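One structure is given here, and the rest of the page talks about it.
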Amino acid sequence: MKNLVVVLLFFASLGAGFAQKKPNEQLSRSAPFEVGFAVEGMARGINSGTFLGDAYQLSLGYRIKSEFGVRGIPGLGIYFGSQRATIQENNFLGGFFSESQWWDIGVYLYHKKTLSEKITLRGELGYGSLQVNNIQESSRFRLDYGHYFANVGGHYSLFRSKSGLDIDLIGTLGVGLLRGASIQINPADRRYIQRATDLQAKLGVQWTIR
Amino acid sequence: MKKKIFFLAMLLPLVVFLGQACQEFIDDSFETFQVRLVDQQGIPHAGLELLLSQNNPEFPLPNHQQKPIIYTLKTSDDGRLQFVLPAKNLDNDYYLEVSPPYVFEVDYAGESIQRSFFSIGLYEKDIDGVVDLGELLILKP
């Protein structure tokens, strides 16, 4: 959580820095604002040889994100997502849990580059919090991970109105590092439990108001 | 009105505290149990199979109320056994069971008794959540 606040403050200070560099008049003429909202389906794979990779079989999940940007400079986005997982046989959860629900929340910096009228490339860099909730009837056991990630992808324009509403198909591929530094475990198993790398593929629809 | 707000403000921390204390599992926390199984001469039992469960063999419940076996465990060459579980606030009694002809010899109310299980109830753990149960005596009467 502390890391999340630090990243938010960092992004906020970046925004302030950019705003100070340009005079207000110039900003309003040459850098139109845009606000985006997207819903995406998400597939995630985690490397084997780690607790998260070996103990869980992930289903497809979803992600809802909202972003705000000014043309020419990196924009800021926030996201929220969820994914279900079945629990595989393992030596850490004691067979206590019937299912697992994963929650993602975080922030990212994104930048877009227009290739053609229809196609725009984008890159994202961010940090989030992943909660792995292992569920047993009314009880749950939560494991917290920090998630550092980088994504690349693109937009394909489906609809563009003169009034400033765009609808795009959006797809991204990403890689991330998961770090569970707050998880208490014996030293021999610490690396196995606390560290993992994930790959993500996301496909969805984005509405942007310019 | 002010009194009600004051009362609610005082009640909130209590509710939060009770909510945490009544939660069965402790988030972000695993417990690691370590034990060494030896015979009367102190020679380690290698390759011995044991079952870990939460069913008290002294007071067996009907089959449909019994909890599933947690782990099937096997001692290493030096008689060591280690298992990891999510840390719990509640319902954290575990039982290590050994199959015949072996029995545990344990100290019970000042007397040495032999039985097929060892009860792990109250225990202390270190900062990494490691519970060292020391050496346990297993006999083949």
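Chain lettering (A, B, ...) mirrors the order of the structure tokens, residue numbering begins at 1 for each chain separately, and ligand numbering begins at 1 in order of display.
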
Restrict the distance test to only C-alpha atoms, flag each residue of chain B within 9 Å of chain A, and return the flagged residues as a short mmCIF file (atom, residue, chain, number, x, y, z; two decimals) with N, CA, C and O atoms, in the first residue's frame.
data_model
loop_
_atom_site.label_atom_id
_atom_site.label_comp_id
_atom_site.auth_asym_id
_atom_site.auth_seq_id
_atom_site.Cartn_x
_atom_site.Cartn_y
_atom_site.Cartn_z
N GLN B 23 -11.19 -13.88 12.97
CA GLN B 23 -10.85 -14.40 11.64
C GLN B 23 -10.03 -15.66 11.81
O GLN B 23 -9.06 -15.68 12.58
N GLU B 24 -10.42 -16.72 11.11
CA GLU B 24 -9.77 -18.01 11.31
C GLU B 24 -8.30 -17.99 10.87
O GLU B 24 -7.41 -18.41 11.61
N PHE B 25 -8.05 -17.47 9.68
CA PHE B 25 -6.68 -17.48 9.14
C PHE B 25 -6.01 -16.11 9.33
O PHE B 25 -6.68 -15.08 9.31
N ILE B 26 -4.70 -16.14 9.51
CA ILE B 26 -3.93 -14.90 9.63
C ILE B 26 -3.35 -14.58 8.26
O ILE B 26 -2.54 -15.36 7.73
N ASP B 27 -3.78 -13.46 7.68
CA ASP B 27 -3.35 -13.12 6.32
C ASP B 27 -1.83 -12.99 6.23
O ASP B 27 -1.17 -12.57 7.19
N ASP B 28 -1.30 -13.32 5.08
CA ASP B 28 0.14 -13.15 4.79
C ASP B 28 1.03 -13.88 5.78
O ASP B 28 2.14 -13.41 6.10
N SER B 29 0.57 -14.99 6.31
CA SER B 29 1.37 -15.66 7.35
C SER B 29 1.26 -17.19 7.23
O SER B 29 0.15 -17.75 7.28
N PHE B 30 2.40 -17.84 7.08
CA PHE B 30 2.46 -19.30 7.09
C PHE B 30 3.19 -19.76 8.35
O PHE B 30 4.07 -19.05 8.86
N GLU B 31 2.82 -20.95 8.84
CA GLU B 31 3.54 -21.57 9.95
C GLU B 31 4.27 -22.80 9.42
O GLU B 31 3.71 -23.56 8.64
N THR B 32 5.51 -22.96 9.88
CA THR B 32 6.32 -24.11 9.46
C THR B 32 6.62 -24.96 10.70
O THR B 32 7.19 -24.45 11.67
N PRO B 68 -10.79 -33.69 6.04
CA PRO B 68 -9.86 -34.47 5.20
C PRO B 68 -8.44 -34.45 5.77
O PRO B 68 -8.07 -33.51 6.50
N ILE B 69 -7.68 -35.47 5.43
CA ILE B 69 -6.25 -35.50 5.80
C ILE B 69 -5.57 -34.28 5.18
O ILE B 69 -5.79 -33.96 4.01
N ILE B 70 -4.75 -33.59 5.98
CA ILE B 70 -4.07 -32.38 5.45
C ILE B 70 -2.90 -32.79 4.55
O ILE B 70 -2.84 -32.40 3.40
N TYR B 71 -1.98 -33.55 5.11
CA TYR B 71 -0.83 -34.01 4.32
C TYR B 71 -0.49 -35.45 4.70
O TYR B 71 -0.69 -35.86 5.85
N PHE B 83 6.52 -29.45 7.74
CA PHE B 83 5.33 -29.13 6.94
C PHE B 83 4.92 -27.69 7.18
O PHE B 83 5.18 -27.12 8.24
N VAL B 84 4.30 -27.11 6.16
CA VAL B 84 3.91 -25.70 6.19
C VAL B 84 2.40 -25.60 6.06
O VAL B 84 1.79 -26.32 5.27
N LEU B 85 1.80 -24.70 6.86
CA LEU B 85 0.35 -24.48 6.83
C LEU B 85 0.05 -22.99 6.91
O LEU B 85 0.84 -22.24 7.49
N PRO B 86 -1.10 -22.56 6.39
CA PRO B 86 -1.50 -21.18 6.62
C PRO B 86 -1.68 -20.95 8.13
O PRO B 86 -2.21 -21.82 8.82
N ALA B 87 -1.19 -19.82 8.65
CA ALA B 87 -1.31 -19.55 10.10
C ALA B 87 -2.76 -19.29 10.45
O ALA B 87 -3.51 -18.69 9.68
N ILE B 127 10.05 -15.57 14.63
CA ILE B 127 9.64 -14.42 13.81
C ILE B 127 9.30 -14.83 12.37
O ILE B 127 8.53 -14.16 11.69
N ASP B 128 9.84 -15.97 11.91
CA ASP B 128 9.53 -16.47 10.56
C ASP B 128 8.36 -17.46 10.57
O ASP B 128 8.09 -18.09 9.54
N GLY B 129 7.72 -17.61 11.72
CA GLY B 129 6.59 -18.53 11.82
C GLY B 129 7.01 -19.98 11.94
O GLY B 129 6.22 -20.89 11.70
N VAL B 130 8.27 -20.22 12.34
CA VAL B 130 8.77 -21.60 12.46
C VAL B 130 8.49 -22.13 13.87
O VAL B 130 8.83 -21.49 14.87
#

Out of region 4-204 of chain A, which residues get strand (DSSP E) from DSSP, as a ChimeraX atom specification?
/A:33-46,56-58,61-70,75-87,99-114,119-136,139-160,165-179,195-204

I need the alpha helix (DSSP H) residues of region 3-134 of chain B per DSSP on the backbone, written as an MDAnalysis selection string.
chainID B and resid 3:21

For C-alpha atoms, I'd like the residues from the last selection saved as an mmCIF file, in the first residue's frame.
data_model
loop_
_atom_site.group_PDB
_atom_site.id
_atom_site.type_symbol
_atom_site.label_atom_id
_atom_site.label_comp_id
_atom_site.auth_asym_id
_atom_site.auth_seq_id
_atom_site.Cartn_x
_atom_site.Cartn_y
_atom_site.Cartn_z
ATOM 1 C CA LYS B 3 -22.975 11.232 22.553
ATOM 2 C CA LYS B 4 -24.102 8.788 19.867
ATOM 3 C CA ILE B 5 -21.205 9.749 17.597
ATOM 4 C CA PHE B 6 -18.771 9.401 20.528
ATOM 5 C CA PHE B 7 -20.228 5.985 21.387
ATOM 6 C CA LEU B 8 -19.942 4.796 17.771
ATOM 7 C CA ALA B 9 -16.371 6.130 17.541
ATOM 8 C CA MET B 10 -15.445 4.138 20.664
ATOM 9 C CA LEU B 11 -17.242 1.027 19.396
ATOM 10 C CA LEU B 12 -15.587 0.968 15.979
ATOM 11 C CA PRO B 13 -12.053 -0.032 17.114
ATOM 12 C CA LEU B 14 -13.573 -2.794 19.259
ATOM 13 C CA VAL B 15 -15.554 -4.146 16.291
ATOM 14 C CA VAL B 16 -12.427 -4.010 14.100
ATOM 15 C CA PHE B 17 -10.357 -5.769 16.803
ATOM 16 C CA LEU B 18 -12.976 -8.509 17.309
ATOM 17 C CA GLY B 19 -13.301 -8.912 13.541
ATOM 18 C CA GLN B 20 -9.545 -9.532 13.253
ATOM 19 C CA ALA B 21 -9.417 -11.842 16.284
#

Do a neighbour search on Leu199 (chain A) at 6 Å with only C-alpha atoms, toss out local chain neighbours closer than 6 positions, and write the hits as an MDAnalysis selection string.
chainID A and resid 44:45 174:175

Please measure the separation of CA of Gln200 (chain A) and CA of Ile167 (chain A), giving the value in Å to one decimal.
22.6 Å

Which is closer to Tyr62 (chain A) than all the others in A:His111, A:Ile78, A:Gln131, A:Met42, using only C-alpha atoms?
A:Met42

Residue neighbourhood Asn151 (chain A), 9 Å, only C-alpha atoms, exclusion window fewer than 6 positions, as a list in words
Arg122, Gly123, Glu124, Leu125, Gly126, Thr172, Leu173, Gly174, Val175, Gly176 and Gln200 of chain A

Include N, CA, C and O atoms and write out the residues we just selected as a tab-separated table (two decimals), in the first residue's frame.
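File produced: out.tsv:
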chain	number	residue	atom	x	y	z
A	122	ARG	N	0.55	1.57	-28.11
A	122	ARG	CA	0.61	2.10	-26.75
A	122	ARG	C	1.57	1.28	-25.90
A	122	ARG	O	1.79	0.09	-26.14
A	123	GLY	N	2.15	1.94	-24.92
A	123	GLY	CA	3.00	1.27	-23.93
A	123	GLY	C	2.54	1.67	-22.53
A	123	GLY	O	2.04	2.79	-22.34
A	124	GLU	N	2.68	0.77	-21.59
A	124	GLU	CA	2.25	1.07	-20.21
A	124	GLU	C	3.33	0.61	-19.24
A	124	GLU	O	3.99	-0.40	-19.47
A	125	LEU	N	3.47	1.35	-18.16
A	125	LEU	CA	4.42	1.01	-17.11
A	125	LEU	C	3.71	1.30	-15.79
A	125	LEU	O	3.18	2.40	-15.61
A	126	GLY	N	3.66	0.33	-14.89
A	126	GLY	CA	2.88	0.62	-13.69
A	126	GLY	C	3.19	-0.25	-12.50
A	126	GLY	O	4.06	-1.14	-12.53
A	172	THR	N	-3.38	-5.72	-25.38
A	172	THR	CA	-2.03	-5.53	-24.83
A	172	THR	C	-1.43	-6.87	-24.39
A	172	THR	O	-2.15	-7.80	-24.02
A	173	LEU	N	-0.12	-6.93	-24.45
A	173	LEU	CA	0.64	-8.05	-23.89
A	173	LEU	C	1.58	-7.46	-22.85
A	173	LEU	O	2.13	-6.37	-23.06
A	174	GLY	N	1.74	-8.15	-21.74
A	174	GLY	CA	2.58	-7.56	-20.70
A	174	GLY	C	3.33	-8.59	-19.88
A	174	GLY	O	3.01	-9.78	-19.87
A	175	VAL	N	4.35	-8.09	-19.23
A	175	VAL	CA	5.14	-8.93	-18.32
A	175	VAL	C	5.22	-8.21	-16.98
A	175	VAL	O	5.25	-6.97	-16.93
A	176	GLY	N	5.20	-8.97	-15.89
A	176	GLY	CA	5.22	-8.32	-14.58
A	176	GLY	C	6.00	-9.12	-13.55
A	176	GLY	O	6.19	-10.34	-13.70
A	200	GLN	N	0.77	-11.43	-19.23
A	200	GLN	CA	-0.66	-11.13	-19.36
A	200	GLN	C	-1.00	-10.80	-20.80
A	200	GLN	O	-0.22	-10.15	-21.49

Would you mind listing what lies within 7 Å of Gly154 (chain A) as a VMD selection string, with only C-alpha atoms counted and same-chain residues fewer than 5 positions away left out?
chain A and resid 119 to 122 170 to 172

Next, the residues of the selection above should be written as a short mmCIF file (atom, residue, chain, number, x, y, z; two decimals), in the first residue's frame with N, CA and C atoms.
data_model
loop_
_atom_site.label_atom_id
_atom_site.label_comp_id
_atom_site.auth_asym_id
_atom_site.auth_seq_id
_atom_site.Cartn_x
_atom_site.Cartn_y
_atom_site.Cartn_z
N ILE A 119 -4.90 2.74 -36.54
CA ILE A 119 -4.06 2.00 -35.58
C ILE A 119 -3.18 2.94 -34.75
N THR A 120 -3.22 2.72 -33.44
CA THR A 120 -2.38 3.47 -32.49
C THR A 120 -1.65 2.47 -31.60
N LEU A 121 -0.35 2.67 -31.42
CA LEU A 121 0.41 1.81 -30.51
C LEU A 121 0.41 2.42 -29.11
N ARG A 122 0.55 1.57 -28.11
CA ARG A 122 0.61 2.10 -26.75
C ARG A 122 1.57 1.28 -25.90
N ILE A 170 -8.94 -2.65 -28.08
CA ILE A 170 -7.62 -2.46 -27.47
C ILE A 170 -7.06 -3.82 -27.03
N GLY A 171 -5.82 -4.06 -27.36
CA GLY A 171 -5.17 -5.32 -26.97
C GLY A 171 -3.78 -5.04 -26.44
N THR A 172 -3.38 -5.72 -25.38
CA THR A 172 -2.03 -5.53 -24.83
C THR A 172 -1.43 -6.87 -24.39
#

6 Å contact set for region 114-119 of chain B, only C-alpha atoms, chain neighbours under 4 positions out, as an NGL selection string
:B and (95-98 or 103-105)

Choose the residue, out of B:Pro101, B:Gly110, B:Pro62, B:Gly79, that has the smallest atom-to-atom separation from Leu37 (chain B); count only C-alpha atoms.
B:Gly79
